[in-house]
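Q: Dropping in data10.pdb, with PDB, C-alpha atoms.
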```
ATOM      1  CA  MET P   1      18.296   4.771 -43.834
ATOM      2  CA  VAL P   2      15.790   4.878 -46.684
ATOM      3  CA  SER P   3      16.658   7.362 -49.417
ATOM      4  CA  PHE P   4      14.056   9.431 -51.271
ATOM      5  CA  SER P   5      14.322  11.219 -54.587
ATOM      6  CA  SER P   6      13.478  14.899 -54.919
ATOM      7  CA  THR P   7      10.266  13.832 -56.664
ATOM      8  CA  SER P   8       9.334  11.680 -53.684
ATOM      9  CA  LEU P   9      10.025  14.575 -51.322
ATOM     10  CA  MET P  10       7.874  16.938 -53.391
ATOM     11  CA  GLY P  11       5.028  14.443 -53.391
ATOM     12  CA  PHE P  12       5.368  13.953 -49.670
ATOM     13  CA  MET P  13       5.334  17.708 -49.054
ATOM     14  CA  LEU P  14       2.151  18.002 -51.116
ATOM     15  CA  SER P  15       0.503  15.324 -48.975
ATOM     16  CA  LEU P  16       1.572  17.207 -45.848
ATOM     17  CA  MET P  17       0.039  20.441 -47.132
ATOM     18  CA  LEU P  18      -3.205  18.688 -47.991
ATOM     19  CA  SER P  19      -3.270  17.153 -44.522
ATOM     20  CA  SER P  20      -3.467  20.648 -43.011
ATOM     21  CA  LEU P  21      -7.102  20.680 -44.149
ATOM     22  CA  PHE P  22      -7.831  18.077 -41.437
ATOM     23  CA  VAL P  23     -10.224  19.673 -38.908
ATOM     24  CA  PRO P  24     -11.697  17.800 -35.918
ATOM     25  CA  SER P  25     -15.330  18.326 -34.965
ATOM     26  CA  ARG P  26     -15.856  21.299 -32.698
ATOM     27  CA  ALA P  27     -16.233  21.017 -28.921
ATOM     28  CA  ASN P  28     -16.836  23.729 -26.325
ATOM     29  CA  PHE P  29     -14.159  24.974 -23.933
ATOM     30  CA  TYR P  30     -16.742  26.053 -21.358
ATOM     31  CA  GLN P  31     -18.022  22.484 -21.190
ATOM     32  CA  ASP P  32     -14.698  20.672 -21.392
ATOM     33  CA  PHE P  33     -12.123  22.773 -19.494
ATOM     34  CA  ASP P  34     -11.501  24.851 -16.377
ATOM     35  CA  ILE P  35      -9.089  27.779 -16.344
ATOM     36  CA  THR P  36      -6.847  26.824 -13.436
ATOM     37  CA  TRP P  37      -4.255  29.574 -13.267
ATOM     38  CA  GLY P  38      -3.138  32.859 -14.783
ATOM     39  CA  ASP P  39      -5.287  35.465 -13.002
ATOM     40  CA  GLY P  40      -7.299  36.404 -16.079
ATOM     41  CA  ARG P  41      -4.630  35.608 -18.665
ATOM     42  CA  GLY P  42      -6.550  32.596 -19.887
ATOM     43  CA  LYS P  43      -9.760  33.461 -21.730
ATOM     44  CA  ILE P  44     -12.565  31.430 -23.293
ATOM     45  CA  LEU P  45     -14.111  33.405 -26.155
ATOM     46  CA  ASN P  46     -16.583  33.132 -29.050
ATOM     47  CA  ASN P  47     -19.229  31.294 -27.023
ATOM     48  CA  GLY P  48     -16.716  28.633 -26.006
ATOM     49  CA  ASP P  49     -15.203  28.019 -29.443
ATOM     50  CA  LEU P  50     -11.833  29.678 -28.743
ATOM     51  CA  LEU P  51      -9.321  29.545 -25.888
ATOM     52  CA  THR P  52      -6.473  32.054 -25.611
ATOM     53  CA  LEU P  53      -3.586  31.774 -23.164
ATOM     54  CA  SER P  54      -1.299  34.730 -22.464
ATOM     55  CA  LEU P  55       2.091  35.194 -20.850
ATOM     56  CA  ASP P  56       3.690  38.308 -19.421
ATOM     57  CA  LYS P  57       6.556  38.826 -16.995
ATOM     58  CA  ALA P  58       4.286  38.274 -13.997
ATOM     59  CA  SER P  59       2.639  35.008 -15.025
ATOM     60  CA  GLY P  60       1.599  32.569 -17.694
ATOM     61  CA  SER P  61      -1.737  30.750 -17.808
ATOM     62  CA  GLY P  62      -3.298  27.341 -18.186
ATOM     63  CA  VAL P  63      -6.369  25.129 -18.285
ATOM     64  CA  GLN P  64      -7.203  21.536 -17.450
ATOM     65  CA  SER P  65      -9.970  19.233 -18.629
ATOM     66  CA  LYS P  66     -12.993  18.643 -16.457
ATOM     67  CA  ASN P  67     -12.852  14.917 -17.218
ATOM     68  CA  GLU P  68     -10.206  12.324 -16.464
ATOM     69  CA  TYR P  69      -9.401   9.691 -19.072
ATOM     70  CA  LEU P  70      -7.802   6.266 -19.261
ATOM     71  CA  PHE P  71      -6.968   5.894 -22.982
ATOM     72  CA  GLY P  72      -8.281   8.080 -25.742
ATOM     73  CA  LYS P  73      -7.825  10.038 -28.974
ATOM     74  CA  PHE P  74      -7.334  13.741 -28.270
ATOM     75  CA  ASP P  75      -7.202  16.483 -30.912
ATOM     76  CA  MET P  76      -6.465  20.173 -30.351
ATOM     77  CA  GLN P  77      -5.919  22.961 -32.848
ATOM     78  CA  LEU P  78      -3.255  25.550 -31.947
ATOM     79  CA  LYS P  79      -2.038  28.791 -33.446
ATOM     80  CA  LEU P  80       1.270  29.729 -31.851
ATOM     81  CA  ILE P  81       2.821  33.035 -30.814
ATOM     82  CA  PRO P  82       3.974  35.054 -33.851
ATOM     83  CA  GLY P  83       7.208  37.019 -34.119
ATOM     84  CA  ASN P  84       9.865  36.783 -31.428
ATOM     85  CA  SER P  85       8.641  33.965 -29.189
ATOM     86  CA  ALA P  86      12.058  33.070 -27.737
ATOM     87  CA  GLY P  87      11.886  31.658 -24.234
ATOM     88  CA  THR P  88       8.184  30.818 -24.368
ATOM     89  CA  VAL P  89       6.758  27.313 -24.062
ATOM     90  CA  THR P  90       3.275  26.564 -25.372
ATOM     91  CA  THR P  91       1.871  23.152 -24.481
ATOM     92  CA  PHE P  92      -0.878  20.626 -25.075
ATOM     93  CA  TYR P  93      -0.431  17.497 -22.987
ATOM     94  CA  VAL P  94      -1.998  14.658 -21.014
ATOM     95  CA  SER P  95      -0.920  14.132 -17.412
ATOM     96  CA  SER P  96      -1.814  12.084 -14.344
ATOM     97  CA  ILE P  97      -3.389  13.768 -11.349
ATOM     98  CA  ILE P  98      -1.552  13.774  -8.033
ATOM     99  CA  ASP P  99      -3.565  15.013  -5.046
ATOM    100  CA  GLY P 100      -5.120  17.804  -7.061
ATOM    101  CA  VAL P 101      -1.829  19.607  -7.682
ATOM    102  CA  VAL P 102       0.126  19.078 -10.899
ATOM    103  CA  LEU P 103       3.854  19.727 -10.716
ATOM    104  CA  MET P 104       5.585  19.009 -14.016
ATOM    105  CA  LEU P 105       9.328  18.760 -13.622
ATOM    106  CA  SER P 106      12.124  17.823 -15.996
ATOM    107  CA  GLU P 107      15.872  17.749 -16.160
ATOM    108  CA  ARG P 108      15.775  21.232 -17.683
ATOM    109  CA  ASN P 109      14.470  22.812 -14.481
ATOM    110  CA  LYS P 110      11.034  23.711 -15.785
ATOM    111  CA  ILE P 111       8.194  23.991 -13.274
ATOM    112  CA  ARG P 112       4.522  24.548 -13.971
ATOM    113  CA  ILE P 113       2.274  25.269 -11.017
ATOM    114  CA  ASP P 114      -0.569  27.538  -9.984
ATOM    115  CA  ILE P 115       0.890  28.704  -6.693
ATOM    116  CA  ASN P 116      -2.359  30.244  -5.485
ATOM    117  CA  ARG P 117      -4.142  26.932  -6.010
ATOM    118  CA  ALA P 118      -1.292  25.158  -4.259
ATOM    119  CA  LYS P 119      -1.751  27.402  -1.216
ATOM    120  CA  THR P 120      -5.347  26.276  -0.972
ATOM    121  CA  LEU P 121      -4.669  22.601  -1.470
ATOM    122  CA  LEU P 122      -1.429  22.172   0.454
ATOM    123  CA  LYS P 123      -1.772  22.690   4.199
ATOM    124  CA  SER P 124       1.868  22.375   5.073
ATOM    125  CA  PHE P 125       3.556  25.760   5.504
ATOM    126  CA  VAL P 126       6.949  24.161   5.012
ATOM    127  CA  LEU P 127       5.946  22.653   1.676
ATOM    128  CA  ILE P 128       4.468  25.971   0.483
ATOM    129  CA  ARG P 129       7.702  27.695   1.475
ATOM    130  CA  ASP P 130       9.694  25.147  -0.510
ATOM    131  CA  VAL P 131       7.401  25.601  -3.516
ATOM    132  CA  HIS P 132       8.075  29.352  -3.448
ATOM    133  CA  LYS P 133      11.804  28.749  -3.092
ATOM    134  CA  ASN P 134      11.920  26.406  -6.074
ATOM    135  CA  LEU P 135       9.787  28.692  -8.237
ATOM    136  CA  ILE P 136      12.168  31.553  -7.548
ATOM    137  CA  GLU P 137      15.382  29.580  -7.922
ATOM    138  CA  GLY P 138      14.282  27.255 -10.727
ATOM    139  CA  GLY P 139      15.084  24.232  -8.588
ATOM    140  CA  THR P 140      14.270  20.613  -9.339
ATOM    141  CA  ASN P 141      13.782  19.206  -5.852
ATOM    142  CA  LEU P 142       9.974  19.086  -5.890
ATOM    143  CA  SER P 143       8.673  15.569  -6.397
ATOM    144  CA  SER P 144       5.006  15.652  -5.421
ATOM    145  CA  GLN P 145       4.181  13.400  -8.352
ATOM    146  CA  GLY P 146       6.609  10.833  -6.936
ATOM    147  CA  THR P 147       7.485   7.766  -8.990
ATOM    148  CA  THR P 148       4.035   7.272 -10.534
ATOM    149  CA  HIS P 149       3.688  10.380 -12.689
ATOM    150  CA  ASP P 150       2.638   9.682 -16.299
ATOM    151  CA  GLU P 151       2.543  12.302 -19.056
ATOM    152  CA  LEU P 152       2.366  12.710 -22.854
ATOM    153  CA  ASP P 153       3.633  16.065 -24.141
ATOM    154  CA  PHE P 154       3.389  18.358 -27.097
ATOM    155  CA  GLU P 155       5.667  21.311 -26.247
ATOM    156  CA  PHE P 156       6.284  24.153 -28.684
ATOM    157  CA  LEU P 157       9.568  25.907 -27.999
ATOM    158  CA  GLY P 158       9.627  29.513 -29.137
ATOM    159  CA  ASN P 159      12.410  31.116 -31.124
ATOM    160  CA  LEU P 160      13.677  34.388 -32.524
ATOM    161  CA  SER P 161      11.785  35.971 -35.413
ATOM    162  CA  GLY P 162      12.623  34.150 -38.619
ATOM    163  CA  ASP P 163      13.808  30.971 -36.891
ATOM    164  CA  PRO P 164      11.512  27.931 -36.774
ATOM    165  CA  TYR P 165       9.668  26.724 -33.731
ATOM    166  CA  ILE P 166      10.807  23.409 -32.292
ATOM    167  CA  LEU P 167       8.029  20.882 -31.716
ATOM    168  CA  GLN P 168       9.060  18.644 -28.820
ATOM    169  CA  THR P 169       7.296  15.456 -27.803
ATOM    170  CA  ASN P 170       8.043  13.703 -24.544
ATOM    171  CA  VAL P 171       6.748  10.716 -22.622
ATOM    172  CA  TYR P 172       6.808  10.241 -18.846
ATOM    173  CA  THR P 173       6.218   6.764 -17.441
ATOM    174  CA  GLN P 174       6.160   6.094 -13.707
ATOM    175  CA  GLY P 175       7.919   9.373 -12.920
ATOM    176  CA  LYS P 176      10.636   9.053 -15.593
ATOM    177  CA  GLY P 177      10.782  11.369 -18.603
ATOM    178  CA  ASP P 178      13.882  11.950 -20.756
ATOM    179  CA  LYS P 179      12.163  10.495 -23.838
ATOM    180  CA  GLU P 180      12.272  13.526 -26.126
ATOM    181  CA  GLN P 181      11.882  13.612 -29.864
ATOM    182  CA  GLN P 182      12.082  17.025 -31.551
ATOM    183  CA  PHE P 183      10.942  18.203 -34.967
ATOM    184  CA  TYR P 184      10.877  21.283 -37.142
ATOM    185  CA  PRO P 185       7.322  21.846 -38.417
ATOM    186  CA  TRP P 186       6.933  21.855 -42.198
ATOM    187  CA  PHE P 187       4.706  24.958 -41.991
ATOM    188  CA  ASP P 188       4.552  28.247 -40.096
ATOM    189  CA  PRO P 189       2.549  27.349 -36.964
ATOM    190  CA  THR P 190       1.841  31.022 -36.187
ATOM    191  CA  VAL P 191      -0.158  31.878 -39.326
ATOM    192  CA  ALA P 192      -3.108  29.488 -39.032
ATOM    193  CA  PHE P 193      -4.487  26.759 -36.798
ATOM    194  CA  HIS P 194      -3.015  23.263 -37.097
ATOM    195  CA  THR P 195      -4.253  20.076 -35.453
ATOM    196  CA  TYR P 196      -2.106  18.219 -32.920
ATOM    197  CA  SER P 197      -3.307  14.798 -31.775
ATOM    198  CA  ILE P 198      -2.407  12.183 -29.188
ATOM    199  CA  HIS P 199      -3.767   8.671 -29.745
ATOM    200  CA  TRP P 200      -3.258   6.593 -26.594
ATOM    201  CA  ASN P 201      -4.411   3.000 -26.328
ATOM    202  CA  PRO P 202      -3.157  -0.077 -24.442
ATOM    203  CA  GLN P 203      -0.763  -1.055 -27.252
ATOM    204  CA  ARG P 204       0.769   2.249 -28.387
ATOM    205  CA  ILE P 205       0.803   6.032 -28.289
ATOM    206  CA  ILE P 206       0.923   7.945 -31.575
ATOM    207  CA  PHE P 207       1.532  11.671 -31.944
ATOM    208  CA  PHE P 208       0.014  13.295 -35.047
ATOM    209  CA  VAL P 209       0.258  16.709 -36.717
ATOM    210  CA  ASP P 210      -2.601  17.483 -39.108
ATOM    211  CA  GLY P 211      -3.356  13.776 -39.264
ATOM    212  CA  ILE P 212       0.263  12.870 -40.132
ATOM    213  CA  PRO P 213       1.973  10.540 -37.621
ATOM    214  CA  ILE P 214       5.256  11.941 -36.328
ATOM    215  CA  ARG P 215       6.015   9.593 -33.430
ATOM    216  CA  GLU P 216       5.003   6.175 -32.146
ATOM    217  CA  PHE P 217       5.685   4.933 -28.606
ATOM    218  CA  LYS P 218       4.844   1.240 -28.298
ATOM    219  CA  ASN P 219       4.014  -0.630 -25.127
ATOM    220  CA  ALA P 220       7.307  -2.275 -24.164
ATOM    221  CA  GLU P 221       6.348  -3.759 -20.801
ATOM    222  CA  SER P 222       7.369  -7.195 -22.070
ATOM    223  CA  ILE P 223      11.010  -6.035 -22.170
ATOM    224  CA  GLY P 224      10.962  -4.148 -18.871
ATOM    225  CA  ALA P 225       9.862  -0.629 -19.846
ATOM    226  CA  PRO P 226       6.857   0.852 -17.983
ATOM    227  CA  TYR P 227       3.809   1.963 -19.957
ATOM    228  CA  LEU P 228       0.974   4.416 -19.338
ATOM    229  CA  ASN P 229      -1.926   2.093 -18.584
ATOM    230  CA  HIS P 230      -2.534   2.209 -14.848
ATOM    231  CA  GLN P 231      -3.881   5.656 -13.998
ATOM    232  CA  ALA P 232      -6.278   8.235 -15.359
ATOM    233  CA  MET P 233      -5.043  11.513 -16.786
ATOM    234  CA  ARG P 234      -6.407  14.959 -17.618
ATOM    235  CA  ILE P 235      -5.790  17.176 -20.636
ATOM    236  CA  TYR P 236      -3.791  20.381 -20.050
ATOM    237  CA  ALA P 237      -2.903  23.431 -22.085
ATOM    238  CA  THR P 238      -0.419  25.982 -20.750
ATOM    239  CA  LEU P 239       1.751  28.897 -21.786
ATOM    240  CA  TRP P 240       4.735  29.734 -19.598
ATOM    241  CA  ASP P 241       8.223  31.188 -19.441
ATOM    242  CA  GLY P 242      10.950  28.622 -20.050
ATOM    243  CA  ASP P 243      13.791  30.925 -21.011
ATOM    244  CA  ASN P 244      16.256  29.065 -18.781
ATOM    245  CA  TRP P 245      16.164  26.154 -21.264
ATOM    246  CA  ALA P 246      13.646  26.473 -24.108
ATOM    247  CA  THR P 247      15.537  28.451 -26.766
ATOM    248  CA  ARG P 248      19.081  27.384 -27.673
ATOM    249  CA  GLY P 249      19.549  25.772 -24.296
ATOM    250  CA  GLY P 250      18.627  28.961 -22.433
ATOM    251  CA  ARG P 251      21.154  31.154 -24.214
ATOM    252  CA  VAL P 252      18.356  33.235 -25.761
ATOM    253  CA  LYS P 253      16.084  34.868 -23.189
ATOM    254  CA  THR P 254      12.498  36.078 -23.352
ATOM    255  CA  ASP P 255      12.155  39.640 -24.660
ATOM    256  CA  TRP P 256       9.541  41.024 -22.290
ATOM    257  CA  THR P 257       9.131  44.169 -24.373
ATOM    258  CA  GLN P 258       7.169  41.901 -26.759
ATOM    259  CA  ALA P 259       4.734  40.798 -24.031
ATOM    260  CA  PRO P 260       1.989  39.849 -23.673
ATOM    261  CA  PHE P 261       2.525  36.689 -25.704
ATOM    262  CA  THR P 262      -0.669  34.924 -26.762
ATOM    263  CA  ALA P 263      -1.370  31.454 -28.146
ATOM    264  CA  SER P 264      -4.794  30.332 -29.368
ATOM    265  CA  TYR P 265      -6.554  26.967 -29.100
ATOM    266  CA  ALA P 266      -9.653  25.675 -30.881
ATOM    267  CA  ASN P 267     -11.601  22.549 -31.857
ATOM    268  CA  PHE P 268     -10.707  20.273 -28.960
ATOM    269  CA  ARG P 269     -12.035  16.773 -29.446
ATOM    270  CA  ALA P 270     -11.855  13.713 -27.186
ATOM    271  CA  ASN P 271     -12.909  10.251 -28.331
ATOM    272  CA  ALA P 272     -11.892   8.612 -25.116
ATOM    273  CA  CYS P 273     -12.647   6.462 -22.105
ATOM    274  CA  ILE P 274     -13.819   8.796 -19.333
ATOM    275  CA  TRP P 275     -12.669   7.593 -15.926
ATOM    276  CA  SER P 276     -14.959   8.312 -12.970
ATOM    277  CA  SER P 277     -14.980   6.719  -9.508
ATOM    278  CA  GLY P 278     -12.820   3.861 -10.738
ATOM    279  CA  ILE P 279     -15.107   3.026 -13.671
ATOM    280  CA  SER P 280     -14.325   3.479 -17.368
ATOM    281  CA  SER P 281     -17.021   4.692 -19.759
ATOM    282  CA  CYS P 282     -15.602   2.193 -22.273
ATOM    283  CA  GLY P 283     -16.178  -0.835 -20.069
ATOM    284  CA  SER P 284     -13.534  -3.468 -20.752
ATOM    285  CA  VAL P 285     -10.570  -2.103 -22.718
ATOM    286  CA  SER P 286     -10.421  -5.467 -24.468
ATOM    287  CA  SER P 287     -13.580  -4.484 -26.330
ATOM    288  CA  SER P 288     -12.935  -2.701 -29.604
ATOM    289  CA  SER P 289     -16.391  -2.656 -31.167
ATOM    290  CA  GLY P 290     -18.276   0.376 -32.421
ATOM    291  CA  ASN P 291     -16.878   3.769 -31.489
ATOM    292  CA  ASN P 292     -14.111   2.185 -29.421
ATOM    293  CA  SER P 293     -12.246   0.599 -32.349
ATOM    294  CA  TRP P 294      -9.373   3.019 -31.689
ATOM    295  CA  LEU P 295      -8.532   0.959 -28.577
ATOM    296  CA  ASN P 296      -6.713  -1.451 -30.917
ATOM    297  CA  GLU P 297      -5.749   1.089 -33.581
ATOM    298  CA  ASP P 298      -2.405   0.743 -35.356
ATOM    299  CA  LEU P 299      -0.778   2.537 -38.270
ATOM    300  CA  ASP P 300      -1.416   1.068 -41.690
ATOM    301  CA  ALA P 301       1.262   0.856 -44.392
ATOM    302  CA  THR P 302       0.565   4.394 -45.598
ATOM    303  CA  GLY P 303       0.773   5.764 -42.078
ATOM    304  CA  ARG P 304       4.041   3.987 -41.396
ATOM    305  CA  GLY P 305       5.481   5.344 -44.626
ATOM    306  CA  ARG P 306       4.521   8.876 -43.635
ATOM    307  CA  LEU P 307       5.978   8.386 -40.160
ATOM    308  CA  GLN P 308       9.296   7.292 -41.655
ATOM    309  CA  GLN P 309       9.393  10.248 -44.020
ATOM    310  CA  VAL P 310       8.569  12.819 -41.322
ATOM    311  CA  GLN P 311      11.295  11.402 -39.116
ATOM    312  CA  LYS P 312      13.762  11.413 -42.000
ATOM    313  CA  TYR P 313      13.153  14.980 -43.145
ATOM    314  CA  PHE P 314      11.934  16.863 -40.061
ATOM    315  CA  MET P 315      13.208  15.153 -36.910
ATOM    316  CA  ILE P 316      16.123  17.029 -35.330
ATOM    317  CA  TYR P 317      16.580  15.034 -32.107
ATOM    318  CA  ASN P 318      15.793  11.500 -30.938
ATOM    319  CA  TYR P 319      16.819  10.338 -27.471
ATOM    320  CA  CYS P 320      17.020   6.772 -28.783
ATOM    321  CA  THR P 321      19.986   7.709 -30.999
ATOM    322  CA  ASP P 322      21.842   9.920 -28.479
ATOM    323  CA  ALA P 323      24.717   7.649 -27.502
ATOM    324  CA  LYS P 324      26.494  10.411 -25.560
ATOM    325  CA  ARG P 325      23.479  10.785 -23.318
ATOM    326  CA  PHE P 326      23.214   7.051 -22.672
ATOM    327  CA  PRO P 327      26.809   5.725 -22.591
ATOM    328  CA  GLN P 328      25.708   2.622 -20.687
ATOM    329  CA  GLY P 329      23.125   1.708 -23.314
ATOM    330  CA  PHE P 330      19.821   3.030 -24.567
ATOM    331  CA  PRO P 331      16.602   2.699 -22.537
ATOM    332  CA  PRO P 332      14.857  -0.635 -23.161
ATOM    333  CA  GLU P 333      11.899   0.839 -25.056
ATOM    334  CA  CYS P 334      14.296   2.092 -27.759
ATOM    335  CA  ALA P 335      14.583  -1.497 -28.997
ATOM    336  CA  ILE P 336      11.037  -1.310 -30.380
ATOM    337  CA  ASN P 337      10.626   2.476 -30.615
ATOM    338  CA  PRO P 338      13.522   3.597 -32.868
TER
END
```
Any chance you could give the structure as structure tokens?
A:
Amino acid sequence: MVSFSSTSLMGFMLSLMLSSLFVPSRANFYQDFDITWGDGRGKILNNGDLLTLSLDKASGSGVQSKNEYLFGKFDMQLKLIPGNSAGTVTTFYVSSIIDGVVLMLSERNKIRIDINRAKTLLKSFVLIRDVHKNLIEGGTNLSSQGTTHDELDFEFLGNLSGDPYILQTNVYTQGKGDKEQQFYPWFDPTVAFHTYSIHWNPQRIIFFVDGIPIREFKNAESIGAPYLNHQAMRIYATLWDGDNWATRGGRVKTDWTQAPFTASYANFRANACIWSSGISSCGSVSSSSGNNSWLNEDLDATGRGRLQQVQKYFMIYNYCTDAKRFPQGFPPECAINP
């Protein structure tokens, strides 16, 4: 592992602080998103410039983008829940659409669903009954997304007052997740807005914080690992109760006396290929001229140096180094995504 002097670390920290000045151009939440669940807990304010999501004991809240995309650069500014946020999960993610209902499941028994919307869309009484049962019991038997579900996650795991948030990234390909990398942020994400970005093109996916790369997930189809290049996805933002897993493995529960919990979103930007009726607004993805140059974007030497330093100083978990979790050998993509 590369070693850095204290002087190098101080210089790197200064560059990280300067990067927090990165602000994407402003979009409008009224134009770009629909509030899909939460019964009034999600609010678009300031003439569409601000989105707030709230969580109380009865429900969380969430939105989804009006457009579907196949590849793109997506920026969102977030200001997270201050104080005791233990048990809460604030998200910004990209996910495939399955029959109009999005069920996000993981090995930690977390379920996100607007049950009222599900009642409208799902005609089977038996399936609705099973949805209710799993929501109540925290089960993991729902699989409406089947084996084709793709997803790219920013998840912010709340903590007790004075303890840092955990920033978790995850990648789902063809229904399989378990690709977590976790970081401590180098700033207090509750004091001001910071920009979180997902750059997704046919060659790689890069996660950024304030313009600093923190994770790269390369296309590894050539060595047998599926990649996210076959189906359109929407942008989602949600706030929900994950106290059965989110904070210290579920040992610390949500303190509902602190509710409602509120997270704020601003300055969404999408430079992306809009997918509509099987046609991409970018035409051929092999074209990288003009505004679509990001379709072949890679990290330069400076970006790769910053990625290495962030992972050295701020990464706290990487599935590709967890030998106990994968005693039979690491997943194939770990060979090119260390």
Q: Could you write out as a list in words the residues that the PyMOL selection byres ((chain P and resi 170) around 7) matches in the shown file?
A: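 The output of the PyMOL selection byres ((chain P and resi 170) around 7) on this file is Leu152, Asp153, Gln168, Thr169, Val171, Tyr172, Gly177, Lys179, Glu180 and Gln181 of chain P.
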Q: As a PyMOL selection string, please: the residues near P:Phe156 (cut-off 10 Å, only C-alpha atoms, same-chain neighbours under 5 positions excluded).
A: chain P and resi 80-81+88-92+165-169+182-183+189+239+246
Q: For a quick check of understanding, using only C-alpha atoms, which of P:Asn47, P:Ser197, P:Gln174, P:Asn271 has the smallest distance to P:Leu295?
A: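 Smallest separation from P:Leu295 among the options: P:Asn271.
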Q: Given the choices P:Ala192, P:Ala259, P:Leu70, P:Leu307, which gets closest to P:Met233 if the distance is worked out from only C-alpha atoms?
A: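 Selected residue with least distance to P:Met233: P:Leu70.
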Q: Go through the shown structure with the PyMOL selection byres ((chain P and resi 56-67) around 9) and write out the matching residues as number ranges by chain.
A: P: 29, 31-42, 53-55, 68-69, 114, 233-241, 256, 258-261, 274-276
Q: Would you kindly return, as a list in words, each protein, DNA or RNA residue with an atom no farther than 12 Å from any atom of P:Asp243, considering only C-alpha atoms and excluding same-chain residues fewer than 2 positions away?
A: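 Listed by chain and then number, they are Lys57, Ser85, Ala86, Gly87, Thr88, Val89, Arg108, Asn109, Lys110, Ile111, Gly138, Leu157, Gly158, Asn159, Trp240, Asp241, Trp245, Ala246, Thr247, Arg248, Gly249, Gly250, Arg251, Val252, Lys253, Thr254, Asp255 and Trp256 of chain P.
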Q: May I have the selected residues written with C-alpha atoms, as a PDB file, in the frame of the given file?
A:
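Dumped to selection_3.pdb:
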```
ATOM      1  CA  LYS P  57       6.556  38.826 -16.995  1.00  0.00           C
ATOM      2  CA  SER P  85       8.641  33.965 -29.189  1.00  0.00           C
ATOM      3  CA  ALA P  86      12.058  33.070 -27.737  1.00  0.00           C
ATOM      4  CA  GLY P  87      11.886  31.658 -24.234  1.00  0.00           C
ATOM      5  CA  THR P  88       8.184  30.818 -24.368  1.00  0.00           C
ATOM      6  CA  VAL P  89       6.758  27.313 -24.062  1.00  0.00           C
ATOM      7  CA  ARG P 108      15.775  21.232 -17.683  1.00  0.00           C
ATOM      8  CA  ASN P 109      14.470  22.812 -14.481  1.00  0.00           C
ATOM      9  CA  LYS P 110      11.034  23.711 -15.785  1.00  0.00           C
ATOM     10  CA  ILE P 111       8.194  23.991 -13.274  1.00  0.00           C
ATOM     11  CA  GLY P 138      14.282  27.255 -10.727  1.00  0.00           C
ATOM     12  CA  LEU P 157       9.568  25.907 -27.999  1.00  0.00           C
ATOM     13  CA  GLY P 158       9.627  29.513 -29.137  1.00  0.00           C
ATOM     14  CA  ASN P 159      12.410  31.116 -31.124  1.00  0.00           C
ATOM     15  CA  TRP P 240       4.735  29.734 -19.598  1.00  0.00           C
ATOM     16  CA  ASP P 241       8.223  31.188 -19.441  1.00  0.00           C
ATOM     17  CA  TRP P 245      16.164  26.154 -21.264  1.00  0.00           C
ATOM     18  CA  ALA P 246      13.646  26.473 -24.108  1.00  0.00           C
ATOM     19  CA  THR P 247      15.537  28.451 -26.766  1.00  0.00           C
ATOM     20  CA  ARG P 248      19.081  27.384 -27.673  1.00  0.00           C
ATOM     21  CA  GLY P 249      19.549  25.772 -24.296  1.00  0.00           C
ATOM     22  CA  GLY P 250      18.627  28.961 -22.433  1.00  0.00           C
ATOM     23  CA  ARG P 251      21.154  31.154 -24.214  1.00  0.00           C
ATOM     24  CA  VAL P 252      18.356  33.235 -25.761  1.00  0.00           C
ATOM     25  CA  LYS P 253      16.084  34.868 -23.189  1.00  0.00           C
ATOM     26  CA  THR P 254      12.498  36.078 -23.352  1.00  0.00           C
ATOM     27  CA  ASP P 255      12.155  39.640 -24.660  1.00  0.00           C
ATOM     28  CA  TRP P 256       9.541  41.024 -22.290  1.00  0.00           C
TER      29      TRP P 256
END
```
Q: Enter the distance from atom CA of P:Ile206 to atom CA of P:Arg304, in Å, rounded to one decimal.
A: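 Taking atom CA of P:Ile206 as the start and atom CA of P:Arg304 as the end point, the length is 11.0 Å.
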Q: Please provide the set of residues having any atom within 6 Å of P:Gly72, restricted to all atoms listed in the file, with same-chain residues fewer than 2 positions apart removed, written as a short mmCIF file (atom, residue, chain, number, x, y, z; two decimals) with C-alpha atoms, in the frame of the given file.
A:
```cif
data_model
loop_
_atom_site.label_atom_id
_atom_site.label_comp_id
_atom_site.auth_asym_id
_atom_site.auth_seq_id
_atom_site.Cartn_x
_atom_site.Cartn_y
_atom_site.Cartn_z
CA TRP P 200 -3.26 6.59 -26.59
CA ASN P 271 -12.91 10.25 -28.33
CA ALA P 272 -11.89 8.61 -25.12
CA CYS P 273 -12.65 6.46 -22.10
#
```
Q: Mind telling me what the PyMOL selection byres ((chain P and resi 52) around 9) catches here, as a PyMOL selection string?
A: chain P and resi 41-45+50-51+53-54+262-266
Q: What does the file look like for those residues with C-alpha atoms, as a short mmCIF file (atom, residue, chain, number, x, y, z; two decimals), in the frame of the given file?
A:
```cif
data_model
loop_
_atom_site.label_atom_id
_atom_site.label_comp_id
_atom_site.auth_asym_id
_atom_site.auth_seq_id
_atom_site.Cartn_x
_atom_site.Cartn_y
_atom_site.Cartn_z
CA ARG P 41 -4.63 35.61 -18.66
CA GLY P 42 -6.55 32.60 -19.89
CA LYS P 43 -9.76 33.46 -21.73
CA ILE P 44 -12.56 31.43 -23.29
CA LEU P 45 -14.11 33.40 -26.16
CA LEU P 50 -11.83 29.68 -28.74
CA LEU P 51 -9.32 29.54 -25.89
CA LEU P 53 -3.59 31.77 -23.16
CA SER P 54 -1.30 34.73 -22.46
CA THR P 262 -0.67 34.92 -26.76
CA ALA P 263 -1.37 31.45 -28.15
CA SER P 264 -4.79 30.33 -29.37
CA TYR P 265 -6.55 26.97 -29.10
CA ALA P 266 -9.65 25.68 -30.88
#
```
Q: Considering all atoms listed in the file, return as a PyMOL selection string whatever protein or nucleic-acid residues lie within 6 Å of P:Phe208, sequence-local ones (same chain, fewer than 2 positions apart) excluded.
A: chain P and resi 196-197+211-214
